[in-house]
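Data from final_20.cif: mmCIF, C-alpha atoms
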data_my_file
#
loop_
_atom_site.label_atom_id
_atom_site.label_comp_id
_atom_site.auth_asym_id
_atom_site.auth_seq_id
_atom_site.Cartn_x
_atom_site.Cartn_y
_atom_site.Cartn_z
CA MET A 240 -14.30 14.93 9.06
CA ASP A 241 -15.38 11.29 8.78
CA ILE A 242 -12.81 9.81 6.37
CA ARG A 243 -14.90 6.67 5.91
CA LYS A 244 -17.55 8.71 4.12
CA LEU A 245 -14.98 9.66 1.47
CA VAL A 246 -14.02 6.06 0.70
CA LYS A 247 -15.56 4.26 -2.29
CA LYS A 248 -18.31 1.90 -1.17
CA GLU A 249 -16.57 -1.07 -2.79
CA VAL A 250 -13.44 -0.40 -0.75
CA SER A 251 -15.32 0.49 2.44
CA ASP A 252 -17.05 -2.90 2.31
CA LEU A 253 -13.78 -4.78 1.75
CA LYS A 254 -12.10 -6.98 4.32
CA ALA A 255 -8.31 -6.68 3.98
CA TYR A 256 -6.24 -9.73 3.09
CA ASN A 257 -4.96 -11.24 6.31
CA ALA A 258 -1.16 -11.42 6.12
CA LYS A 259 -0.17 -11.10 9.77
CA GLY A 260 3.34 -11.87 10.99
CA ILE A 261 2.92 -14.23 13.95
CA PRO A 262 6.08 -15.11 15.90
CA CYS A 263 6.73 -18.85 15.83
CA ARG A 264 9.48 -21.45 15.88
CA ILE A 265 8.35 -23.24 12.72
CA LYS A 266 6.52 -21.26 10.02
CA LEU A 267 4.32 -23.46 7.80
CA ASP A 268 1.46 -21.11 7.01
CA ALA A 269 2.29 -19.12 3.86
CA ASN A 270 3.19 -21.72 1.18
CA GLU A 271 6.75 -20.42 1.04
CA SER A 272 9.61 -22.69 0.07
CA PRO A 273 11.83 -23.70 3.00
CA PHE A 274 14.83 -23.34 0.68
CA GLY A 275 16.26 -20.03 -0.48
CA PHE A 276 19.01 -18.86 -2.84
CA ALA A 277 21.33 -16.78 -0.68
CA ASP A 278 24.22 -17.01 -3.18
CA ALA A 279 22.12 -15.24 -5.82
CA VAL A 280 21.88 -12.15 -3.61
CA LYS A 281 25.54 -11.43 -4.40
CA ARG A 282 24.36 -10.23 -7.82
CA ILE A 283 22.99 -6.99 -6.35
CA ALA A 284 26.47 -5.73 -5.37
CA GLY A 285 27.09 -3.92 -8.65
CA ILE A 286 23.66 -2.35 -9.05
CA LYS A 287 23.58 1.42 -9.45
CA THR A 288 21.10 2.60 -6.87
CA ASN A 289 20.75 6.02 -8.49
CA ARG A 290 19.31 4.57 -11.72
CA TYR A 291 15.84 3.25 -12.45
CA PRO A 292 15.55 -0.46 -13.22
CA ASP A 293 15.21 -1.85 -16.73
CA PRO A 294 11.52 -1.08 -17.36
CA GLU A 295 11.01 -4.27 -19.36
CA ALA A 296 13.26 -6.59 -17.33
CA LYS A 297 14.73 -7.74 -20.64
CA ALA A 298 17.47 -10.04 -19.29
CA LEU A 299 15.10 -11.86 -16.95
CA LYS A 300 12.45 -12.02 -19.69
CA ARG A 301 14.86 -13.65 -22.15
CA LEU A 302 15.91 -16.19 -19.51
CA ILE A 303 12.35 -17.23 -18.66
CA ALA A 304 11.24 -17.20 -22.29
CA LYS A 305 14.04 -19.63 -23.17
CA ASP A 306 13.17 -21.96 -20.29
CA LEU A 307 9.47 -22.00 -21.20
CA GLU A 308 10.09 -22.09 -24.95
CA VAL A 309 8.03 -18.99 -25.64
CA LYS A 310 8.95 -15.63 -27.12
CA PRO A 311 9.86 -12.65 -24.90
CA GLU A 312 6.88 -10.75 -26.31
CA ASN A 313 4.62 -13.39 -24.72
CA ILE A 314 5.72 -12.38 -21.20
CA LEU A 315 4.82 -9.50 -18.88
CA PHE A 316 6.16 -9.10 -15.33
CA GLY A 317 4.38 -7.96 -12.21
CA ASN A 318 5.39 -7.14 -8.67
CA GLY A 319 4.06 -10.53 -7.66
CA SER A 320 1.02 -12.14 -9.28
CA ASP A 321 -1.23 -9.81 -7.26
CA GLU A 322 -0.16 -6.85 -9.39
CA LEU A 323 -0.90 -8.79 -12.58
CA ILE A 324 -4.39 -9.64 -11.31
CA TYR A 325 -4.89 -5.92 -10.72
CA TYR A 326 -3.69 -5.08 -14.24
CA LEU A 327 -5.84 -7.75 -15.89
CA ILE A 328 -9.02 -6.57 -14.18
CA THR A 329 -8.14 -2.93 -14.94
CA THR A 330 -7.61 -3.80 -18.61
CA PHE A 331 -10.52 -6.15 -19.33
CA GLY A 332 -13.06 -5.24 -16.68
CA GLY A 333 -15.74 -7.51 -15.32
CA PRO A 334 -17.75 -9.23 -14.30
CA VAL A 335 -14.93 -11.13 -12.59
CA SER A 336 -15.67 -14.79 -11.98
CA TYR A 337 -13.81 -17.52 -10.13
CA PRO A 338 -14.49 -20.76 -8.25
CA VAL A 339 -14.66 -20.87 -4.45
CA PRO A 340 -12.78 -21.65 -2.37
CA THR A 341 -9.73 -20.21 -4.12
CA PHE A 342 -7.08 -17.49 -3.86
CA ALA A 343 -8.72 -14.51 -2.15
CA MET A 344 -7.09 -11.76 -4.21
CA TYR A 345 -9.23 -12.35 -7.32
CA GLY A 346 -12.28 -11.22 -5.37
CA ILE A 347 -10.56 -8.54 -3.29
CA ILE A 348 -9.01 -6.78 -6.30
CA GLY A 349 -12.16 -7.17 -8.38
CA GLN A 350 -14.24 -5.52 -5.66
CA ALA A 351 -11.65 -2.78 -5.07
CA LEU A 352 -11.89 -1.89 -8.77
CA GLY A 353 -15.66 -1.77 -8.62
CA GLU A 354 -16.32 -4.86 -10.73
CA LYS A 355 -19.09 -7.36 -10.16
CA LYS A 356 -17.85 -10.62 -8.59
CA ILE A 357 -19.35 -13.99 -9.46
CA GLU A 358 -18.27 -16.85 -7.20
CA ILE A 359 -18.96 -20.39 -8.36
CA PRO A 360 -18.73 -23.21 -5.78
CA LEU A 361 -16.48 -26.17 -6.56
CA ASP A 362 -18.04 -29.62 -6.56
CA LYS A 363 -17.67 -32.13 -3.71
CA ASP A 364 -14.29 -33.27 -5.11
CA PHE A 365 -12.97 -29.67 -5.24
CA ASP A 366 -13.19 -29.78 -9.05
CA LEU A 367 -14.85 -27.31 -11.42
CA ASP A 368 -18.63 -27.56 -11.69
CA VAL A 369 -18.76 -27.18 -15.49
CA ASP A 370 -22.54 -26.80 -15.73
CA ARG A 371 -22.52 -23.89 -13.29
CA PHE A 372 -19.61 -22.25 -15.11
CA LEU A 373 -21.28 -22.59 -18.49
CA THR A 374 -24.49 -21.10 -17.08
CA VAL A 375 -22.61 -18.11 -15.68
CA ILE A 376 -20.69 -17.63 -18.94
CA ALA A 377 -23.90 -17.65 -20.98
CA ARG A 378 -25.86 -15.41 -18.61
CA GLU A 379 -23.26 -12.99 -17.20
CA LYS A 380 -20.58 -12.97 -19.93
CA PRO A 381 -17.67 -12.41 -17.49
CA GLY A 382 -14.83 -10.30 -18.83
CA LEU A 383 -12.37 -12.32 -16.77
CA LEU A 384 -12.48 -15.79 -15.29
CA PHE A 385 -9.71 -16.89 -12.90
CA LEU A 386 -8.82 -20.57 -12.37
CA SER A 387 -6.05 -21.42 -9.92
CA SER A 388 -4.67 -24.87 -10.80
CA PRO A 389 -3.29 -26.35 -8.59
CA ASN A 390 -5.84 -24.54 -6.48
CA ASN A 391 -5.22 -22.80 -3.18
CA PRO A 392 -6.29 -23.85 -0.56
CA THR A 393 -7.53 -27.23 -1.81
CA GLY A 394 -4.24 -28.30 -3.44
CA ASN A 395 -5.71 -30.19 -6.40
CA CYS A 396 -5.45 -29.54 -10.13
CA PHE A 397 -8.69 -28.95 -11.97
CA SER A 398 -9.60 -31.45 -14.69
CA THR A 399 -8.09 -30.37 -18.01
CA ASP A 400 -11.19 -31.31 -19.99
CA ARG A 401 -13.33 -29.10 -17.74
CA ILE A 402 -10.93 -26.16 -18.12
CA LEU A 403 -11.04 -26.57 -21.91
CA LYS A 404 -14.85 -26.57 -21.95
CA ILE A 405 -14.81 -23.30 -20.02
CA ILE A 406 -12.20 -21.72 -22.31
CA GLU A 407 -14.10 -22.74 -25.44
CA ALA A 408 -17.40 -21.41 -24.11
CA SER A 409 -16.06 -18.06 -22.94
CA GLN A 410 -15.94 -14.83 -24.94
CA GLY A 411 -13.82 -13.23 -22.21
CA ILE A 412 -10.30 -13.81 -20.90
CA ILE A 413 -9.55 -17.05 -19.04
CA VAL A 414 -6.64 -16.76 -16.59
CA VAL A 415 -5.12 -20.03 -15.38
CA ASP A 416 -3.04 -19.23 -12.32
CA GLU A 417 -0.26 -21.83 -12.13
CA ALA A 418 1.56 -20.51 -9.06
CA TYR A 419 2.03 -24.07 -7.75
CA GLN A 420 2.68 -25.82 -11.07
CA PRO A 421 6.34 -26.67 -10.28
CA PHE A 422 5.14 -29.10 -7.59
CA SER A 423 2.55 -30.78 -9.78
CA GLY A 424 2.73 -33.94 -11.86
CA GLU A 425 0.47 -32.17 -14.36
CA ALA A 426 2.05 -30.42 -17.36
CA GLY A 427 -0.05 -27.29 -16.99
CA MET A 428 -1.80 -25.32 -19.72
CA LEU A 429 1.24 -23.72 -21.36
CA PRO A 430 1.22 -26.08 -24.40
CA LEU A 431 -2.35 -24.92 -25.18
CA LEU A 432 -1.50 -21.24 -25.30
CA LYS A 433 -1.07 -21.27 -29.08
CA ASP A 434 -4.57 -22.72 -29.56
CA TYR A 435 -6.55 -20.22 -27.47
CA ARG A 436 -5.97 -16.47 -27.88
CA ASN A 437 -8.12 -15.69 -24.83
CA LEU A 438 -5.96 -17.84 -22.51
CA VAL A 439 -3.58 -16.21 -20.01
CA ILE A 440 -1.25 -18.22 -17.80
CA MET A 441 0.19 -16.77 -14.60
CA ARG A 442 3.34 -18.04 -12.91
CA THR A 443 5.39 -16.81 -9.95
CA LEU A 444 8.83 -17.25 -8.41
CA SER A 445 7.42 -16.82 -4.89
CA LYS A 446 6.67 -20.49 -4.23
CA ILE A 447 10.03 -21.83 -5.37
CA GLY A 448 12.32 -19.98 -2.99
CA LEU A 449 12.17 -16.35 -4.12
CA ALA A 450 9.14 -14.99 -2.25
CA ALA A 451 11.14 -11.99 -0.99
CA LEU A 452 11.62 -10.72 -4.56
CA ARG A 453 7.91 -10.43 -5.50
CA VAL A 454 8.33 -11.55 -9.11
CA GLY A 455 5.26 -12.79 -10.97
CA PHE A 456 4.71 -13.04 -14.70
CA MET A 457 1.97 -13.75 -17.18
CA ILE A 458 2.29 -15.58 -20.49
CA ALA A 459 -0.20 -14.77 -23.22
CA ASP A 460 -0.79 -13.75 -26.81
CA PRO A 461 1.30 -10.64 -27.65
CA GLU A 462 -1.87 -8.64 -28.26
CA ILE A 463 -3.03 -9.33 -24.70
CA ILE A 464 0.44 -8.47 -23.38
CA ASN A 465 0.39 -5.17 -25.29
CA GLU A 466 -3.00 -4.16 -23.92
CA VAL A 467 -2.17 -5.05 -20.30
CA ASN A 468 1.19 -3.28 -20.65
CA LYS A 469 -0.72 -0.01 -21.17
CA VAL A 470 -1.80 -0.01 -17.51
CA ARG A 471 1.43 -1.44 -16.07
CA LEU A 472 3.17 1.01 -13.76
CA PRO A 473 6.59 2.08 -15.05
CA PHE A 474 9.62 0.40 -13.45
CA ASN A 475 7.36 -1.98 -11.52
CA LEU A 476 10.04 -4.66 -11.13
CA ASN A 477 13.03 -3.28 -9.21
CA SER A 478 16.66 -3.83 -10.18
CA PHE A 479 17.44 -5.97 -7.13
CA SER A 480 14.63 -8.44 -7.85
CA GLN A 481 15.58 -8.65 -11.52
CA ALA A 482 19.24 -9.37 -10.76
CA VAL A 483 18.69 -11.90 -7.97
CA ALA A 484 15.95 -13.72 -9.89
CA ALA A 485 18.13 -14.03 -12.99
CA ALA A 486 21.04 -15.38 -10.94
CA ALA A 487 18.85 -17.84 -9.03
CA LEU A 488 17.11 -19.20 -12.13
CA LYS A 489 20.49 -20.22 -13.54
CA GLN A 490 20.96 -22.55 -10.55
CA LYS A 491 18.87 -25.25 -12.22
CA LYS A 492 20.26 -28.13 -10.17
CA GLU A 493 19.46 -26.38 -6.89
CA PHE A 494 15.93 -25.60 -8.08
CA ARG A 495 15.35 -29.18 -9.13
CA ILE A 496 16.59 -30.59 -5.82
CA SER A 497 14.51 -28.17 -3.74
CA VAL A 498 11.31 -28.94 -5.68
CA GLU A 499 11.93 -32.69 -5.53
CA THR A 500 12.52 -32.48 -1.78
CA ILE A 501 9.33 -30.49 -1.22
CA VAL A 502 7.26 -32.95 -3.27
CA SER A 503 8.78 -35.89 -1.39
CA GLU A 504 8.09 -34.24 1.96
CA ARG A 505 4.53 -33.39 0.90
CA GLU A 506 3.90 -37.07 0.18
CA ARG A 507 5.42 -38.07 3.53
CA LEU A 508 3.18 -35.58 5.30
CA LEU A 509 0.11 -36.93 3.51
CA GLU A 510 0.98 -40.56 4.29
CA GLU A 511 1.60 -39.95 7.99
CA MET A 512 -1.35 -37.60 8.46
CA GLU A 513 -3.68 -40.23 7.00
CA MET A 514 -2.74 -42.45 9.94
CA ILE A 515 -3.67 -39.89 12.63
CA GLU A 516 -7.08 -40.47 14.19
CA GLY A 517 -9.44 -37.55 13.62
CA ILE A 518 -7.32 -35.99 10.85
CA THR A 519 -8.39 -36.16 7.18
CA PRO A 520 -5.76 -34.81 4.77
CA PHE A 521 -6.53 -34.22 1.09
CA PRO A 522 -4.14 -35.22 -1.75
CA SER A 523 -2.24 -32.24 -3.14
CA GLU A 524 -0.38 -31.20 -6.28
CA ALA A 525 0.95 -28.06 -4.57
CA ASN A 526 3.51 -27.45 -1.81
CA PHE A 527 0.92 -27.68 0.97
CA ILE A 528 -1.74 -30.02 2.33
CA LEU A 529 -5.29 -29.16 3.30
CA PHE A 530 -6.57 -31.22 6.23
CA ARG A 531 -9.88 -31.47 8.07
CA MET A 532 -10.66 -32.18 11.72
CA GLU A 533 -13.50 -31.73 14.18
CA ASP A 534 -12.18 -28.58 15.88
CA PRO A 535 -9.73 -26.63 13.68
CA ASP A 536 -9.49 -23.72 16.14
CA PHE A 537 -8.34 -26.05 18.92
CA ILE A 538 -5.75 -27.78 16.72
CA TYR A 539 -4.50 -24.44 15.33
CA ALA A 540 -4.06 -22.92 18.79
CA ALA A 541 -2.45 -26.07 20.21
CA LEU A 542 0.07 -26.17 17.36
CA LEU A 543 0.86 -22.49 17.87
CA LYS A 544 1.53 -23.12 21.57
CA LYS A 545 4.17 -25.59 20.43
CA GLY A 546 5.67 -22.92 18.17
CA ILE A 547 4.26 -24.28 14.91
CA LEU A 548 2.26 -21.93 12.69
CA VAL A 549 -0.15 -23.31 10.08
CA ARG A 550 -2.98 -21.55 8.22
CA ASN A 551 -6.53 -21.63 9.55
CA VAL A 552 -8.74 -21.79 6.46
CA LYS A 553 -11.96 -22.84 8.17
CA ASP A 554 -13.81 -19.84 6.71
CA ALA A 555 -12.93 -21.01 3.18
CA VAL A 556 -13.19 -24.77 3.70
CA LYS A 557 -15.27 -25.88 6.68
CA GLY A 558 -13.26 -27.56 9.43
CA CYS A 559 -9.91 -27.23 7.68
CA LEU A 560 -6.35 -26.10 8.26
CA ARG A 561 -3.54 -25.89 5.70
CA VAL A 562 0.09 -26.81 6.30
CA THR A 563 3.00 -25.92 4.01
CA ALA A 564 5.63 -28.59 3.36
CA GLY A 565 8.75 -27.39 5.19
CA THR A 566 12.17 -28.92 5.67
CA PRO A 567 12.30 -32.60 6.71
CA LYS A 568 13.13 -31.50 10.26
CA GLU A 569 10.25 -29.02 10.38
CA ASN A 570 7.80 -31.56 8.99
CA THR A 571 8.88 -34.17 11.53
CA ALA A 572 8.29 -31.66 14.35
CA PHE A 573 4.87 -30.78 12.93
CA LEU A 574 3.83 -34.44 12.64
CA LYS A 575 4.98 -35.19 16.18
CA ALA A 576 3.04 -32.23 17.56
CA LEU A 577 -0.08 -33.01 15.52
CA LYS A 578 -0.10 -36.62 16.71
CA GLU A 579 0.19 -35.52 20.34
CA ILE A 580 -2.54 -32.90 20.00
CA ALA A 581 -4.91 -35.25 18.15
CA ARG A 582 -4.37 -37.92 20.82
CA CYS A 583 -5.15 -35.45 23.63
CA PHE A 584 -8.21 -34.17 21.79
CA ALA A 585 -9.53 -37.72 21.33
CA GLN A 586 -9.02 -38.49 25.04
CA GLU A 587 -10.78 -35.32 26.17
CA ARG A 588 -13.83 -36.16 24.09
#

If you took the structure in this file and wrote it as structure tokens, what would it be?
Amino acid sequence: MDIRKLVKKEVSDLKAYNAKGIPCRIKLDANESPFGFADAVKRIAGIKTNRYPDPEAKALKRLIAKDLEVKPENILFGNGSDELIYYLITTFGGPVSYPVPTFAMYGIIGQALGEKKIEIPLDKDFDLDVDRFLTVIAREKPGLLFLSSPNNPTGNCFSTDRILKIIEASQGIIVVDEAYQPFSGEAGMLPLLKDYRNLVIMRTLSKIGLAALRVGFMIADPEIINEVNKVRLPFNLNSFSQAVAAAALKQKKEFRISVETIVSERERLLEEMEMIEGITPFPSEANFILFRMEDPDFIYAALLKKGILVRNVKDAVKGCLRVTAGTPKENTAFLKALKEIARCFAQER
């Protein structure tokens, strides 16, 4: 039997998301925080392993609702943001539209669910091309439109006025994915939630030191939450993640210090990378920096030989790699290696 003949065409044509574990001394490829919350793990000691988790994650929901100044009924949790993307597309259908380059899972999940994908190129400044979006909205009437701001892998926030034009023109659901908002000087779209019933905001705890927990959440009108909740798998957020997340989120001082350190290190990386011949870094509002060079494969491989892993995103953004802001020590090692490699590359030319 040829199993491939039994697979849906949409899935057969898919290319799996590349999340390989590559051994390295310094890991700066996955936009993880270099700072964790080991003390919070102590909270799992009293968990009853023979019982299912709280299906609504009520304690964690109340905690986040209070911090964001929204009501608990405005929040729905997912096993990471990926699961919420899956639920949103399952609930509202397509076409599914998004700018490119951006987070790959919007397209992967949309295709897996058999929905039409509409990719809209960003402009030369990595901002939203409003005219193209408005044309697609008028012609295709997408059921869902995903906007990652700050955007991955470009690192920039999209212009608020352009986002608003898209929201106001759309008859579908607009999802603003704010996974990297904690590192941004921008306020985000949360204050506008009360003005637009078709607006959904996604957040995650993965980028701020809790990636191991896989806790994502969406904030939206209660009617949207109720509809998406119909397709949510029962007990999707396990007891361990709920307990550790709740304990960690109470450590507000530690969170603030870690975010401030990452932002400071991101700016140091940008400043020093701008001084390296042959390297063009782009300003970022996230916890990573996109940078361009003549031969990204050579630079990527040379860094890996020195034990430093970054992300090769040349297929998404021509000639580019992406580096996550690590600890000060890790960033110093990365900069030293990059300078040496760039100097050797220039001499060999």

query: Quick one: residues within 7 Å of stretch 313-316 of chain A, only C-alpha atoms counted, chain neighbours fewer than 3 positions away excluded, as a PyMOL selection string?
result: chain A and resi 300+309-310+455-461+464

Given all atoms listed in the file as the counted atoms, nearest of A:Lys259, A:Lys266, A:Arg401, A:Lys491 to A:Asp366: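 Closest candidate: A:Arg401.
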
- prompt: Mind telling me what the PyMOL selection byres ((chain A and resi 253) around 8) catches here, as number ranges by chain?
  reply: A: 249-252, 254-255, 347, 350-351

Could you list, as a compact mmCIF listing (two decimals) with C-alpha atoms, in the frame of the given file, every residue matched by the PyMOL selection byres ((chain A and resi 439-447) around 6) in this structure?
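Printed below is selection11.txt as written:
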# COMPACT_ATOMS: atom_id res chain seq x y z
CA GLU A 271 6.75 -20.42 1.04
CA SER A 272 9.61 -22.69 0.07
CA VAL A 414 -6.64 -16.76 -16.59
CA VAL A 415 -5.12 -20.03 -15.38
CA ASP A 416 -3.04 -19.23 -12.32
CA GLU A 417 -0.26 -21.83 -12.13
CA ALA A 418 1.56 -20.51 -9.06
CA LEU A 438 -5.96 -17.84 -22.51
CA GLY A 448 12.32 -19.98 -2.99
CA LEU A 449 12.17 -16.35 -4.12
CA ALA A 450 9.14 -14.99 -2.25
CA VAL A 454 8.33 -11.55 -9.11
CA GLY A 455 5.26 -12.79 -10.97
CA PHE A 456 4.71 -13.04 -14.70
CA MET A 457 1.97 -13.75 -17.18
CA ILE A 458 2.29 -15.58 -20.49
CA ALA A 459 -0.20 -14.77 -23.22

Apply the PyMOL selection byres ((chain A and resi 339) around 7) to the structure shown and report the selected residues as a PDB file with C-alpha atoms, in the coordinates of the input.
ATOM      1  CA  TYR A 337     -13.810 -17.520 -10.130  1.00  0.00           C
ATOM      2  CA  PRO A 338     -14.490 -20.760  -8.250  1.00  0.00           C
ATOM      3  CA  PRO A 340     -12.780 -21.650  -2.370  1.00  0.00           C
ATOM      4  CA  THR A 341      -9.730 -20.210  -4.120  1.00  0.00           C
ATOM      5  CA  GLU A 358     -18.270 -16.850  -7.200  1.00  0.00           C
ATOM      6  CA  ILE A 359     -18.960 -20.390  -8.360  1.00  0.00           C
ATOM      7  CA  PRO A 360     -18.730 -23.210  -5.780  1.00  0.00           C
ATOM      8  CA  LEU A 361     -16.480 -26.170  -6.560  1.00  0.00           C
TER       9      LEU A 361
END

- request: Considering all atoms listed in the file, return as number ranges by chain whatever protein or nucleic-acid residues lie within 9 Å of stretch 504-507 of chain A, sequence-local ones (same chain, fewer than 6 positions apart) excluded.
  value: A: 522-528, 563-567, 570

Writing out the chosen residues with C-alpha atoms as a compact mmCIF listing (two decimals), in the frame of the given file:
# COMPACT_ATOMS: atom_id res chain seq x y z
CA PRO A 522 -4.14 -35.22 -1.75
CA SER A 523 -2.24 -32.24 -3.14
CA GLU A 524 -0.38 -31.20 -6.28
CA ALA A 525 0.95 -28.06 -4.57
CA ASN A 526 3.51 -27.45 -1.81
CA PHE A 527 0.92 -27.68 0.97
CA ILE A 528 -1.74 -30.02 2.33
CA THR A 563 3.00 -25.92 4.01
CA ALA A 564 5.63 -28.59 3.36
CA GLY A 565 8.75 -27.39 5.19
CA THR A 566 12.17 -28.92 5.67
CA PRO A 567 12.30 -32.60 6.71
CA ASN A 570 7.80 -31.56 8.99

- request: Could you check which of A:Leu323, A:Ala555, A:Cys396, A:Leu476 is closest to A:Ala426, using all atoms listed in the file?
  value: A:Cys396

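Pairwise distance (atom CA of A:Gln481, atom CA of A:Tyr435) equals 29.6 Å.
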
field: Counting only C-alpha atoms, the residue of A:Gly424, A:Pro473, A:Pro535, A:Gly333 that sits nearest A:Gly382
entry: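 Looking at the shortest contact to A:Gly382, the residue is A:Gly333.
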
- request: Provide the atom CA of A:Val483 to atom CA of A:Pro294 distance in Å, to one decimal place.
  value: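 Answer for the atom CA of A:Val483 to atom CA of A:Pro294 separation: 16.0 Å.
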
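Straight-line separation from atom CA of A:Val549 to atom CA of A:Pro520: 13.9 Å.
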
task: Using all atoms listed in the file, find the one residue out of A:Phe530, A:Phe479, A:Phe573, A:Phe521 that sits nearest to A:Leu543.
output: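 Of A:Phe530, A:Phe479, A:Phe573, A:Phe521, the one nearest A:Leu543 is A:Phe573, counting all atoms listed in the file.
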
Which of A:Leu386, A:Gly517, A:Ile501, A:Lys281 sits closest to A:Glu569 [using all atoms listed in the file]: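 Smallest distance to A:Glu569 is found for A:Ile501.
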
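Between A:Cys559 and the candidates A:Ile412, A:Ala487, A:Thr393, A:Leu508, the tightest atom-to-atom separation, counting only C-alpha atoms, involves A:Thr393.
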
Can I get stretch 426-439 of chain A with N, CA and C atoms filled in, as a PDB file, in the frame of the given file?
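The resulting out10.pdb:
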ATOM      1  N   ALA A 426       1.213 -31.245 -16.491  1.00  0.00           N
ATOM      2  CA  ALA A 426       2.050 -30.420 -17.360  1.00  0.00           C
ATOM      3  C   ALA A 426       1.650 -28.954 -17.337  1.00  0.00           C
ATOM      4  N   GLY A 427       0.428 -28.666 -16.952  1.00  0.00           N
ATOM      5  CA  GLY A 427      -0.050 -27.290 -16.990  1.00  0.00           C
ATOM      6  C   GLY A 427      -0.622 -26.949 -18.363  1.00  0.00           C
ATOM      7  N   MET A 428      -1.090 -25.720 -18.518  1.00  0.00           N
ATOM      8  CA  MET A 428      -1.800 -25.320 -19.720  1.00  0.00           C
ATOM      9  C   MET A 428      -0.923 -24.621 -20.752  1.00  0.00           C
ATOM     10  N   LEU A 429       0.356 -24.456 -20.456  1.00  0.00           N
ATOM     11  CA  LEU A 429       1.240 -23.720 -21.360  1.00  0.00           C
ATOM     12  C   LEU A 429       1.236 -24.253 -22.795  1.00  0.00           C
ATOM     13  N   PRO A 430       1.232 -25.583 -23.021  1.00  0.00           N
ATOM     14  CA  PRO A 430       1.220 -26.080 -24.400  1.00  0.00           C
ATOM     15  C   PRO A 430      -0.025 -25.665 -25.196  1.00  0.00           C
ATOM     16  N   LEU A 431      -1.098 -25.275 -24.505  1.00  0.00           N
ATOM     17  CA  LEU A 431      -2.350 -24.920 -25.180  1.00  0.00           C
ATOM     18  C   LEU A 431      -2.455 -23.436 -25.509  1.00  0.00           C
ATOM     19  N   LEU A 432      -1.439 -22.686 -25.107  1.00  0.00           N
ATOM     20  CA  LEU A 432      -1.500 -21.240 -25.300  1.00  0.00           C
ATOM     21  C   LEU A 432      -1.655 -20.849 -26.762  1.00  0.00           C
ATOM     22  N   LYS A 433      -1.015 -21.601 -27.645  1.00  0.00           N
ATOM     23  CA  LYS A 433      -1.070 -21.270 -29.080  1.00  0.00           C
ATOM     24  C   LYS A 433      -2.433 -21.539 -29.686  1.00  0.00           C
ATOM     25  N   ASP A 434      -3.253 -22.344 -29.016  1.00  0.00           N
ATOM     26  CA  ASP A 434      -4.570 -22.720 -29.560  1.00  0.00           C
ATOM     27  C   ASP A 434      -5.698 -21.798 -29.104  1.00  0.00           C
ATOM     28  N   TYR A 435      -5.474 -21.042 -28.026  1.00  0.00           N
ATOM     29  CA  TYR A 435      -6.550 -20.220 -27.470  1.00  0.00           C
ATOM     30  C   TYR A 435      -6.021 -18.799 -27.207  1.00  0.00           C
ATOM     31  N   ARG A 436      -6.459 -17.855 -28.002  1.00  0.00           N
ATOM     32  CA  ARG A 436      -5.970 -16.470 -27.880  1.00  0.00           C
ATOM     33  C   ARG A 436      -6.489 -15.787 -26.621  1.00  0.00           C
ATOM     34  N   ASN A 437      -7.568 -16.311 -26.034  1.00  0.00           N
ATOM     35  CA  ASN A 437      -8.120 -15.690 -24.830  1.00  0.00           C
ATOM     36  C   ASN A 437      -7.588 -16.328 -23.550  1.00  0.00           C
ATOM     37  N   LEU A 438      -6.551 -17.169 -23.667  1.00  0.00           N
ATOM     38  CA  LEU A 438      -5.960 -17.840 -22.510  1.00  0.00           C
ATOM     39  C   LEU A 438      -4.753 -17.054 -21.999  1.00  0.00           C
ATOM     40  N   VAL A 439      -4.727 -16.829 -20.689  1.00  0.00           N
ATOM     41  CA  VAL A 439      -3.580 -16.210 -20.010  1.00  0.00           C
ATOM     42  C   VAL A 439      -3.114 -17.176 -18.931  1.00  0.00           C
TER      43      VAL A 439
END
